[in-house]
>>> print(open('structure.pdb').read())   # PDB, C-alpha atoms
ATOM      1  CA  MET A   1     -93.116  -0.062 -76.412
ATOM      2  CA  ALA A   2     -94.596  -3.534 -76.274
ATOM      3  CA  GLU A   3     -98.329  -3.926 -76.626
ATOM      4  CA  GLN A   4    -100.074  -5.093 -73.435
ATOM      5  CA  ASN A   5    -101.769  -8.458 -73.431
ATOM      6  CA  PRO A   6    -105.557  -7.782 -73.338
ATOM      7  CA  ASN A   7    -106.017 -10.663 -70.878
ATOM      8  CA  LEU A   8    -103.911  -8.968 -68.212
ATOM      9  CA  ILE A   9    -105.027  -6.347 -65.758
ATOM     10  CA  PRO A  10    -103.848  -2.835 -66.697
ATOM     11  CA  ARG A  11    -100.768  -1.511 -64.865
ATOM     12  CA  LYS A  12    -102.706   1.361 -63.235
ATOM     13  CA  ALA A  13    -105.295  -1.053 -61.861
ATOM     14  CA  MET A  14    -102.515  -3.274 -60.517
ATOM     15  CA  GLU A  15    -100.894  -0.302 -58.767
ATOM     16  CA  ALA A  16    -104.228   0.760 -57.292
ATOM     17  CA  MET A  17    -104.814  -2.739 -55.937
ATOM     18  CA  ALA A  18    -101.338  -2.809 -54.422
ATOM     19  CA  THR A  19    -101.949   0.396 -52.467
ATOM     20  CA  THR A  20    -105.272  -0.865 -51.073
ATOM     21  CA  ALA A  21    -104.266  -4.465 -50.373
ATOM     22  CA  GLY A  22    -105.420  -5.511 -46.933
ATOM     23  CA  ALA A  23    -107.387  -2.295 -46.469
ATOM     24  CA  GLY A  24    -110.582  -3.828 -45.156
ATOM     25  CA  ARG A  25    -113.029  -2.216 -42.830
ATOM     26  CA  GLU A  26    -111.811  -1.039 -39.466
ATOM     27  CA  LEU A  27    -112.933  -2.957 -36.438
ATOM     28  CA  ILE A  28    -115.120  -1.132 -33.922
ATOM     29  CA  SER A  29    -112.447  -1.888 -31.317
ATOM     30  CA  GLU A  30    -109.860  -0.101 -33.476
ATOM     31  CA  ILE A  31    -112.104   2.956 -33.744
ATOM     32  CA  PHE A  32    -112.681   2.979 -29.983
ATOM     33  CA  THR A  33    -108.921   2.703 -29.457
ATOM     34  CA  LYS A  34    -108.447   5.777 -31.677
ATOM     35  CA  ILE A  35    -110.967   7.627 -29.511
ATOM     36  CA  ASN A  36    -109.156   6.431 -26.381
ATOM     37  CA  ASN A  37    -105.794   7.614 -27.773
ATOM     38  CA  ALA A  38    -107.045  11.043 -28.890
ATOM     39  CA  LYS A  39    -105.492  13.688 -26.656
ATOM     40  CA  ASP A  40    -108.498  15.847 -25.795
ATOM     41  CA  LYS A  41    -112.284  15.899 -26.051
ATOM     42  CA  PRO A  42    -112.496  17.842 -29.360
ATOM     43  CA  LYS A  43    -110.195  15.275 -31.007
ATOM     44  CA  LYS A  44    -112.235  12.389 -29.538
ATOM     45  CA  VAL A  45    -115.434  13.962 -30.901
ATOM     46  CA  GLU A  46    -113.744  14.411 -34.293
ATOM     47  CA  VAL A  47    -112.767  10.720 -34.418
ATOM     48  CA  LEU A  48    -116.276   9.621 -33.454
ATOM     49  CA  LYS A  49    -117.809  11.871 -36.121
ATOM     50  CA  ARG A  50    -115.386  10.532 -38.741
ATOM     51  CA  TYR A  51    -116.555   6.962 -38.086
ATOM     52  CA  ASP A  52    -120.240   7.775 -37.594
ATOM     53  CA  THR A  53    -122.430   4.955 -38.924
ATOM     54  CA  LYS A  54    -125.847   3.593 -38.052
ATOM     55  CA  ALA A  55    -124.170   0.562 -36.460
ATOM     56  CA  MET A  56    -121.822   2.760 -34.400
ATOM     57  CA  ARG A  57    -124.758   4.767 -33.078
ATOM     58  CA  MET A  58    -126.658   1.586 -32.271
ATOM     59  CA  LEU A  59    -123.699   0.174 -30.316
ATOM     60  CA  LEU A  60    -123.139   3.405 -28.400
ATOM     61  CA  LYS A  61    -126.827   3.682 -27.576
ATOM     62  CA  ALA A  62    -126.760   0.072 -26.320
ATOM     63  CA  ALA A  63    -123.733   0.924 -24.184
ATOM     64  CA  PHE A  64    -124.972   4.120 -22.577
ATOM     65  CA  ASP A  65    -128.780   4.337 -22.735
ATOM     66  CA  PRO A  66    -130.009   3.392 -19.243
ATOM     67  CA  LYS A  67    -133.414   2.350 -20.643
ATOM     68  CA  ILE A  68    -131.828  -0.538 -22.565
ATOM     69  CA  GLU A  69    -131.754  -3.613 -20.363
ATOM     70  CA  TRP A  70    -129.763  -6.612 -21.502
ATOM     71  CA  ASP A  71    -131.424 -10.016 -21.143
ATOM     72  CA  ILE A  72    -128.035 -11.730 -20.839
ATOM     73  CA  PRO A  73    -126.427 -12.424 -17.427
ATOM     74  CA  GLU A  74    -123.808  -9.961 -16.116
ATOM     75  CA  GLY A  75    -120.150 -10.825 -16.460
ATOM     76  CA  ILE A  76    -118.138 -12.600 -19.127
ATOM     77  CA  PRO A  77    -119.951 -15.481 -20.850
ATOM     78  CA  PRO A  78    -118.137 -18.808 -21.273
ATOM     79  CA  TYR A  79    -116.993 -18.410 -24.870
ATOM     80  CA  ILE A  80    -113.929 -19.432 -26.861
ATOM     81  CA  GLU A  81    -112.030 -16.439 -28.272
ATOM     82  CA  ASN A  82    -111.694 -16.305 -32.036
ATOM     83  CA  GLU A  83    -107.942 -16.345 -32.698
ATOM     84  CA  ALA A  84    -108.172 -15.347 -36.361
ATOM     85  CA  PRO A  85    -106.143 -12.236 -37.239
ATOM     86  CA  ALA A  86    -108.013  -8.997 -37.891
ATOM     87  CA  GLY A  87    -109.522  -8.860 -41.358
ATOM     88  CA  THR A  88    -109.639 -12.628 -41.853
ATOM     89  CA  GLU A  89    -111.989 -15.353 -40.649
ATOM     90  CA  HIS A  90    -114.324 -13.530 -38.302
ATOM     91  CA  THR A  91    -117.523 -11.531 -38.402
ATOM     92  CA  TYR A  92    -117.668  -7.797 -37.793
ATOM     93  CA  LEU A  93    -119.453  -6.185 -34.862
ATOM     94  CA  GLU A  94    -120.615  -3.476 -37.258
ATOM     95  CA  ILE A  95    -122.622  -6.119 -39.142
ATOM     96  CA  GLU A  96    -123.632  -8.217 -36.124
ATOM     97  CA  SER A  97    -125.051  -5.116 -34.408
ATOM     98  CA  ARG A  98    -128.248  -5.673 -36.412
ATOM     99  CA  ARG A  99    -128.924  -8.779 -34.312
ATOM    100  CA  LEU A 100    -128.423  -7.183 -30.888
ATOM    101  CA  TYR A 101    -132.171  -6.659 -30.434
ATOM    102  CA  ASN A 102    -132.348 -10.388 -29.673
ATOM    103  CA  PHE A 103    -130.395  -9.867 -26.459
ATOM    104  CA  VAL A 104    -132.240  -6.940 -24.858
ATOM    105  CA  LYS A 105    -135.458  -7.086 -22.876
ATOM    106  CA  GLY A 106    -138.443  -6.529 -25.154
ATOM    107  CA  GLY A 107    -136.374  -7.081 -28.294
ATOM    108  CA  ASN A 108    -137.298 -10.660 -29.162
ATOM    109  CA  ASP A 109    -139.486 -12.328 -26.567
ATOM    110  CA  GLN A 110    -139.905 -15.388 -28.822
ATOM    111  CA  LEU A 111    -136.442 -16.623 -27.786
ATOM    112  CA  ASN A 112    -136.126 -18.307 -24.419
ATOM    113  CA  LYS A 113    -133.272 -17.333 -22.098
ATOM    114  CA  ILE A 114    -131.093 -20.347 -22.890
ATOM    115  CA  ARG A 115    -131.429 -19.778 -26.654
ATOM    116  CA  LYS A 116    -130.555 -16.070 -26.220
ATOM    117  CA  GLU A 117    -127.438 -16.923 -24.227
ATOM    118  CA  THR A 118    -126.413 -19.579 -26.777
ATOM    119  CA  LEU A 119    -126.829 -17.142 -29.682
ATOM    120  CA  PHE A 120    -124.882 -14.481 -27.782
ATOM    121  CA  ILE A 121    -121.986 -16.881 -27.152
ATOM    122  CA  GLN A 122    -122.003 -17.905 -30.811
ATOM    123  CA  MET A 123    -121.880 -14.228 -31.805
ATOM    124  CA  LEU A 124    -118.914 -13.627 -29.482
ATOM    125  CA  GLU A 125    -117.077 -16.652 -30.867
ATOM    126  CA  GLY A 126    -117.563 -15.417 -34.439
ATOM    127  CA  LEU A 127    -116.243 -11.918 -33.740
ATOM    128  CA  HIS A 128    -112.581 -10.909 -33.672
ATOM    129  CA  ALA A 129    -111.329 -11.228 -30.063
ATOM    130  CA  SER A 130    -111.094  -7.444 -29.568
ATOM    131  CA  GLU A 131    -114.623  -6.875 -30.854
ATOM    132  CA  ALA A 132    -115.987  -9.637 -28.616
ATOM    133  CA  LYS A 133    -114.472  -7.769 -25.656
ATOM    134  CA  VAL A 134    -116.116  -4.541 -26.858
ATOM    135  CA  LEU A 135    -119.502  -6.277 -27.027
ATOM    136  CA  ILE A 136    -119.040  -7.666 -23.509
ATOM    137  CA  ASP A 137    -118.114  -4.166 -22.280
ATOM    138  CA  ILE A 138    -121.227  -2.760 -23.979
ATOM    139  CA  LYS A 139    -123.414  -5.409 -22.370
ATOM    140  CA  ASN A 140    -121.879  -4.943 -18.923
ATOM    141  CA  GLY A 141    -121.946  -1.125 -19.129
ATOM    142  CA  THR A 142    -118.160  -0.880 -18.764
ATOM    143  CA  LEU A 143    -117.221   0.516 -22.178
ATOM    144  CA  ASN A 144    -116.120   3.864 -20.714
ATOM    145  CA  LYS A 145    -113.782   2.051 -18.286
ATOM    146  CA  THR A 146    -111.962   0.289 -21.121
ATOM    147  CA  TYR A 147    -111.911   3.260 -23.506
ATOM    148  CA  LYS A 148    -111.181   6.459 -21.593
ATOM    149  CA  GLY A 149    -113.078   9.494 -22.772
ATOM    150  CA  LEU A 150    -115.791   7.448 -24.473
ATOM    151  CA  THR A 151    -118.588   8.584 -22.178
ATOM    152  CA  SER A 152    -122.324   9.004 -22.513
ATOM    153  CA  ASP A 153    -121.932  12.800 -22.303
ATOM    154  CA  MET A 154    -119.369  12.832 -25.122
ATOM    155  CA  VAL A 155    -121.587  10.583 -27.274
ATOM    156  CA  LYS A 156    -124.672  12.733 -26.633
ATOM    157  CA  GLU A 157    -122.727  15.882 -27.482
ATOM    158  CA  THR A 158    -121.277  14.372 -30.674
ATOM    159  CA  PHE A 159    -124.612  13.209 -32.074
ATOM    160  CA  GLY A 160    -126.805  15.981 -30.655
ATOM    161  CA  TRP A 161    -128.771  13.516 -28.513
ATOM    162  CA  ASN A 162    -130.750  14.430 -25.419
ATOM    163  CA  ASP A 163    -130.879  12.389 -22.191
ATOM    164  CA  GLN A 164    -133.195   9.869 -23.901
ATOM    165  CA  PHE A 165    -130.454   9.254 -26.487
ATOM    166  CA  VAL A 166    -132.496  10.657 -29.356
ATOM    167  CA  LYS A 167    -132.315  13.892 -31.332
ATOM    168  CA  PRO A 168    -134.761  16.397 -29.826
TER
END
>>> encode(input="structure.pdb", output="structure tokens")
Amino acid sequence: MAEQNPNLIPRKAMEAMATTAGAGRELISEIFTKINNAKDKPKKVEVLKRYDTKAMRMLLKAAFDPKIEWDIPEGIPPYIENEAPAGTEHTYLEIESRRLYNFVKGGNDQLNKIRKETLFIQMLEGLHASEAKVLIDIKNGTLNKTYKGLTSDMVKETFGWNDQFVKP
């Protein structure tokens, strides 16, 4: 058996990399599609629990909590869809969710309305096209129309939240 060159990556490491190639993070839109495609409520709850993160909870609270008022006009903003394939040159809604406070009433009153709308459009243009649509659905309160079964009641049940969208 020939001795391996010490400058090369070991065979086991190469095989491990080959099996995980392209395995980046899942887009929020992909997770919501899995929830949509789950056959019944227990399976939908199971999917949501499997992908439970702080960002996911923040997005779902923004979508369903009636106390959260968006400071961005209703409808679809005039943005240019990011055509980059999933996993390439785009930002992730999971990461961008940290900046959503800028776009709700009382979140960042230092920004004027025009600046908020500009930043929101820039965020949409940086996201993958499917995630931009998710964010628009969240803002417009239409997430449960796009993803069947993803309702405020199901979210509250999954995370043990009360009607104020907090744990009692």
>>> residues_around(input="structure.pdb", residues="region 89-93 of chain A", least_positions_apart="4", cutoff="10 Å", atoms="only C-alpha atoms", output="JSON, numbers by chain")
{"A": [25, 26, 27, 28, 29, 55, 56, 59, 82, 83, 84, 85, 97, 98, 99, 100, 123, 124, 125, 126, 127, 128, 129, 130, 131, 132, 134, 135]}
>>> closest_residue(input="structure.pdb", among="A:Ile136, A:Ile68, A:Ala63, A:Met58", to="Thr151 (chain A)", atoms="all atoms listed in the file")
A:Ala63
>>> closest_residue(input="structure.pdb", among="A:Phe103, A:Tyr147, A:Tyr79, A:Phe159", to="Glu30 (chain A)", atoms="all atoms listed in the file")
A:Tyr147
>>> residues_around(input="structure.pdb", residues="Gly75 (chain A)", least_positions_apart="2", cutoff="8 Å", atoms="all atoms listed in the file", output="JSON, numbers by chain")
{"A": [73, 77, 136, 140]}
>>> closest_residue(input="structure.pdb", among="A:Tyr51, A:Phe165, A:Phe64, A:Tyr101", to="Gly141 (chain A)", atoms="all atoms listed in the file")
A:Phe64
>>> closest_residue(input="structure.pdb", among="A:Ile31, A:Asn36, A:Val104, A:Asp137", to="Lys49 (chain A)", atoms="only C-alpha atoms")
A:Ile31
>>> closest_atom_pairs(input="structure.pdb", of="region 51-81 of chain A", to="region 106-110 of chain A", cutoff="12 Å", atoms="all atoms listed in the file", output="JSON lines")
{"residue": "A:Lys67", "atom": "CA", "partner": "A:Gly106", "partner_atom": "CA", "distance": 11.2}
{"residue": "A:Ile68", "atom": "CA", "partner": "A:Gly106", "partner_atom": "CA", "distance": 9.3}
{"residue": "A:Glu69", "atom": "CA", "partner": "A:Gly106", "partner_atom": "CA", "distance": 8.7}
{"residue": "A:Trp70", "atom": "CA", "partner": "A:Gly106", "partner_atom": "CA", "distance": 9.4}
{"residue": "A:Asp71", "atom": "CA", "partner": "A:Gly106", "partner_atom": "CA", "distance": 8.8}
>>> atom_distance(input="structure.pdb", atom1="CA of Asp52 (chain A)", atom2="CA of Ile76 (chain A)")
27.6 Å
>>> closest_residue(input="structure.pdb", among="A:Leu143, A:Ala86, A:Leu48, A:Ile114", to="Glu157 (chain A)", atoms="only C-alpha atoms")
A:Leu48
>>> atom_distance(input="structure.pdb", atom1="CA of Asp65 (chain A)", atom2="CA of Lys148 (chain A)")
17.8 Å
>>> residues_near_point(input="structure.pdb", point="(-109.1, 9.4, -35.5)", cutoff="9 Å", atoms="only C-alpha atoms", output="ChimeraX atom specification")
/A:31,34-35,37-38,43-44,46-48,50-51
>>> write_last_selection(input="structure.pdb", atoms="C-alpha atoms", output="mmCIF file, in the coordinates of the input")
data_model
loop_
_atom_site.group_PDB
_atom_site.id
_atom_site.type_symbol
_atom_site.label_atom_id
_atom_site.label_comp_id
_atom_site.auth_asym_id
_atom_site.auth_seq_id
_atom_site.Cartn_x
_atom_site.Cartn_y
_atom_site.Cartn_z
ATOM 1 C CA ILE A 31 -112.104 2.956 -33.744
ATOM 2 C CA LYS A 34 -108.447 5.777 -31.677
ATOM 3 C CA ILE A 35 -110.967 7.627 -29.511
ATOM 4 C CA ASN A 37 -105.794 7.614 -27.773
ATOM 5 C CA ALA A 38 -107.045 11.043 -28.890
ATOM 6 C CA LYS A 43 -110.195 15.275 -31.007
ATOM 7 C CA LYS A 44 -112.235 12.389 -29.538
ATOM 8 C CA GLU A 46 -113.744 14.411 -34.293
ATOM 9 C CA VAL A 47 -112.767 10.720 -34.418
ATOM 10 C CA LEU A 48 -116.276 9.621 -33.454
ATOM 11 C CA ARG A 50 -115.386 10.532 -38.741
ATOM 12 C CA TYR A 51 -116.555 6.962 -38.086
#
>>> closest_residue(input="structure.pdb", among="A:Arg57, A:Trp161, A:Gly149, A:Ile72", to="Lys39 (chain A)", atoms="all atoms listed in the file")
A:Gly149
>>> atom_distance(input="structure.pdb", atom1="CA of Glu96 (chain A)", atom2="CA of Lys61 (chain A)")
15.0 Å
>>> axis_aligned_box(input="structure.pdb", around="region 75-93 of chain A", padding_each_side="4 Å", output="AutoDock Vina command-line options")
--center_x -113.1 --center_y -12.8 --center_z -29.2 --size_x 22.0 --size_y 21.2 --size_z 33.4
>>> build_atoms(input="structure.pdb", residues="region 80-105 of chain A", atoms="N, CA and C atoms", output="PDB file, in the frame of the given file")
ATOM      1  N   ILE A  80    -115.293 -19.173 -26.395  1.00  0.00           N
ATOM      2  CA  ILE A  80    -113.929 -19.432 -26.861  1.00  0.00           C
ATOM      3  C   ILE A  80    -113.550 -18.295 -27.803  1.00  0.00           C
ATOM      4  N   GLU A  81    -112.470 -17.571 -27.452  1.00  0.00           N
ATOM      5  CA  GLU A  81    -112.030 -16.439 -28.272  1.00  0.00           C
ATOM      6  C   GLU A  81    -111.659 -16.885 -29.677  1.00  0.00           C
ATOM      7  N   ASN A  82    -112.059 -16.086 -30.644  1.00  0.00           N
ATOM      8  CA  ASN A  82    -111.694 -16.305 -32.036  1.00  0.00           C
ATOM      9  C   ASN A  82    -110.255 -15.814 -32.211  1.00  0.00           C
ATOM     10  N   GLU A  83    -109.359 -16.696 -32.588  1.00  0.00           N
ATOM     11  CA  GLU A  83    -107.942 -16.345 -32.698  1.00  0.00           C
ATOM     12  C   GLU A  83    -107.533 -15.889 -34.092  1.00  0.00           C
ATOM     13  N   ALA A  84    -108.492 -15.771 -34.994  1.00  0.00           N
ATOM     14  CA  ALA A  84    -108.172 -15.347 -36.361  1.00  0.00           C
ATOM     15  C   ALA A  84    -107.671 -13.906 -36.354  1.00  0.00           C
ATOM     16  N   PRO A  85    -106.656 -13.612 -37.162  1.00  0.00           N
ATOM     17  CA  PRO A  85    -106.143 -12.236 -37.239  1.00  0.00           C
ATOM     18  C   PRO A  85    -107.216 -11.284 -37.775  1.00  0.00           C
ATOM     19  N   ALA A  86    -107.070 -10.016 -37.428  1.00  0.00           N
ATOM     20  CA  ALA A  86    -108.013  -8.997 -37.891  1.00  0.00           C
ATOM     21  C   ALA A  86    -108.098  -9.001 -39.410  1.00  0.00           C
ATOM     22  N   GLY A  87    -109.314  -8.922 -39.916  1.00  0.00           N
ATOM     23  CA  GLY A  87    -109.522  -8.860 -41.358  1.00  0.00           C
ATOM     24  C   GLY A  87    -109.607 -10.224 -42.025  1.00  0.00           C
ATOM     25  N   THR A  88    -109.574 -11.300 -41.231  1.00  0.00           N
ATOM     26  CA  THR A  88    -109.639 -12.628 -41.853  1.00  0.00           C
ATOM     27  C   THR A  88    -110.936 -13.337 -41.462  1.00  0.00           C
ATOM     28  N   GLU A  89    -110.828 -14.494 -40.877  1.00  0.00           N
ATOM     29  CA  GLU A  89    -111.989 -15.353 -40.649  1.00  0.00           C
ATOM     30  C   GLU A  89    -112.763 -15.010 -39.382  1.00  0.00           C
ATOM     31  N   HIS A  90    -113.451 -13.904 -39.403  1.00  0.00           N
ATOM     32  CA  HIS A  90    -114.324 -13.530 -38.302  1.00  0.00           C
ATOM     33  C   HIS A  90    -115.415 -12.620 -38.830  1.00  0.00           C
ATOM     34  N   THR A  91    -116.457 -12.464 -38.036  1.00  0.00           N
ATOM     35  CA  THR A  91    -117.523 -11.531 -38.402  1.00  0.00           C
ATOM     36  C   THR A  91    -117.183 -10.164 -37.822  1.00  0.00           C
ATOM     37  N   TYR A  92    -117.919  -9.166 -38.239  1.00  0.00           N
ATOM     38  CA  TYR A  92    -117.668  -7.797 -37.793  1.00  0.00           C
ATOM     39  C   TYR A  92    -118.810  -7.342 -36.885  1.00  0.00           C
ATOM     40  N   LEU A  93    -118.457  -6.705 -35.787  1.00  0.00           N
ATOM     41  CA  LEU A  93    -119.453  -6.185 -34.862  1.00  0.00           C
ATOM     42  C   LEU A  93    -120.364  -5.184 -35.562  1.00  0.00           C
ATOM     43  N   GLU A  94    -119.823  -4.441 -36.499  1.00  0.00           N
ATOM     44  CA  GLU A  94    -120.615  -3.476 -37.258  1.00  0.00           C
ATOM     45  C   GLU A  94    -121.796  -4.166 -37.953  1.00  0.00           C
ATOM     46  N   ILE A  95    -121.567  -5.366 -38.458  1.00  0.00           N
ATOM     47  CA  ILE A  95    -122.622  -6.119 -39.142  1.00  0.00           C
ATOM     48  C   ILE A  95    -123.505  -6.852 -38.130  1.00  0.00           C
ATOM     49  N   GLU A  96    -122.885  -7.459 -37.133  1.00  0.00           N
ATOM     50  CA  GLU A  96    -123.632  -8.217 -36.124  1.00  0.00           C
ATOM     51  C   GLU A  96    -124.523  -7.330 -35.264  1.00  0.00           C
ATOM     52  N   SER A  97    -124.257  -6.022 -35.248  1.00  0.00           N
ATOM     53  CA  SER A  97    -125.051  -5.116 -34.408  1.00  0.00           C
ATOM     54  C   SER A  97    -126.535  -5.179 -34.765  1.00  0.00           C
ATOM     55  N   ARG A  98    -126.847  -5.571 -35.983  1.00  0.00           N
ATOM     56  CA  ARG A  98    -128.248  -5.673 -36.412  1.00  0.00           C
ATOM     57  C   ARG A  98    -129.012  -6.730 -35.619  1.00  0.00           C
ATOM     58  N   ARG A  99    -128.279  -7.682 -35.043  1.00  0.00           N
ATOM     59  CA  ARG A  99    -128.924  -8.779 -34.312  1.00  0.00           C
ATOM     60  C   ARG A  99    -128.973  -8.547 -32.807  1.00  0.00           C
ATOM     61  N   LEU A 100    -128.486  -7.425 -32.329  1.00  0.00           N
ATOM     62  CA  LEU A 100    -128.423  -7.183 -30.888  1.00  0.00           C
ATOM     63  C   LEU A 100    -129.793  -7.077 -30.236  1.00  0.00           C
ATOM     64  N   TYR A 101    -130.827  -6.755 -31.007  1.00  0.00           N
ATOM     65  CA  TYR A 101    -132.171  -6.659 -30.434  1.00  0.00           C
ATOM     66  C   TYR A 101    -132.588  -7.977 -29.782  1.00  0.00           C
ATOM     67  N   ASN A 102    -132.017  -9.079 -30.247  1.00  0.00           N
ATOM     68  CA  ASN A 102    -132.348 -10.388 -29.673  1.00  0.00           C
ATOM     69  C   ASN A 102    -131.933 -10.517 -28.213  1.00  0.00           C
ATOM     70  N   PHE A 103    -130.993  -9.692 -27.775  1.00  0.00           N
ATOM     71  CA  PHE A 103    -130.395  -9.867 -26.459  1.00  0.00           C
ATOM     72  C   PHE A 103    -130.815  -8.812 -25.441  1.00  0.00           C
ATOM     73  N   VAL A 104    -131.748  -7.939 -25.808  1.00  0.00           N
ATOM     74  CA  VAL A 104    -132.240  -6.940 -24.858  1.00  0.00           C
ATOM     75  C   VAL A 104    -133.694  -7.246 -24.519  1.00  0.00           C
ATOM     76  N   LYS A 105    -134.087  -6.839 -23.326  1.00  0.00           N
ATOM     77  CA  LYS A 105    -135.458  -7.086 -22.876  1.00  0.00           C
ATOM     78  C   LYS A 105    -136.427  -6.362 -23.788  1.00  0.00           C
TER      79      LYS A 105
END
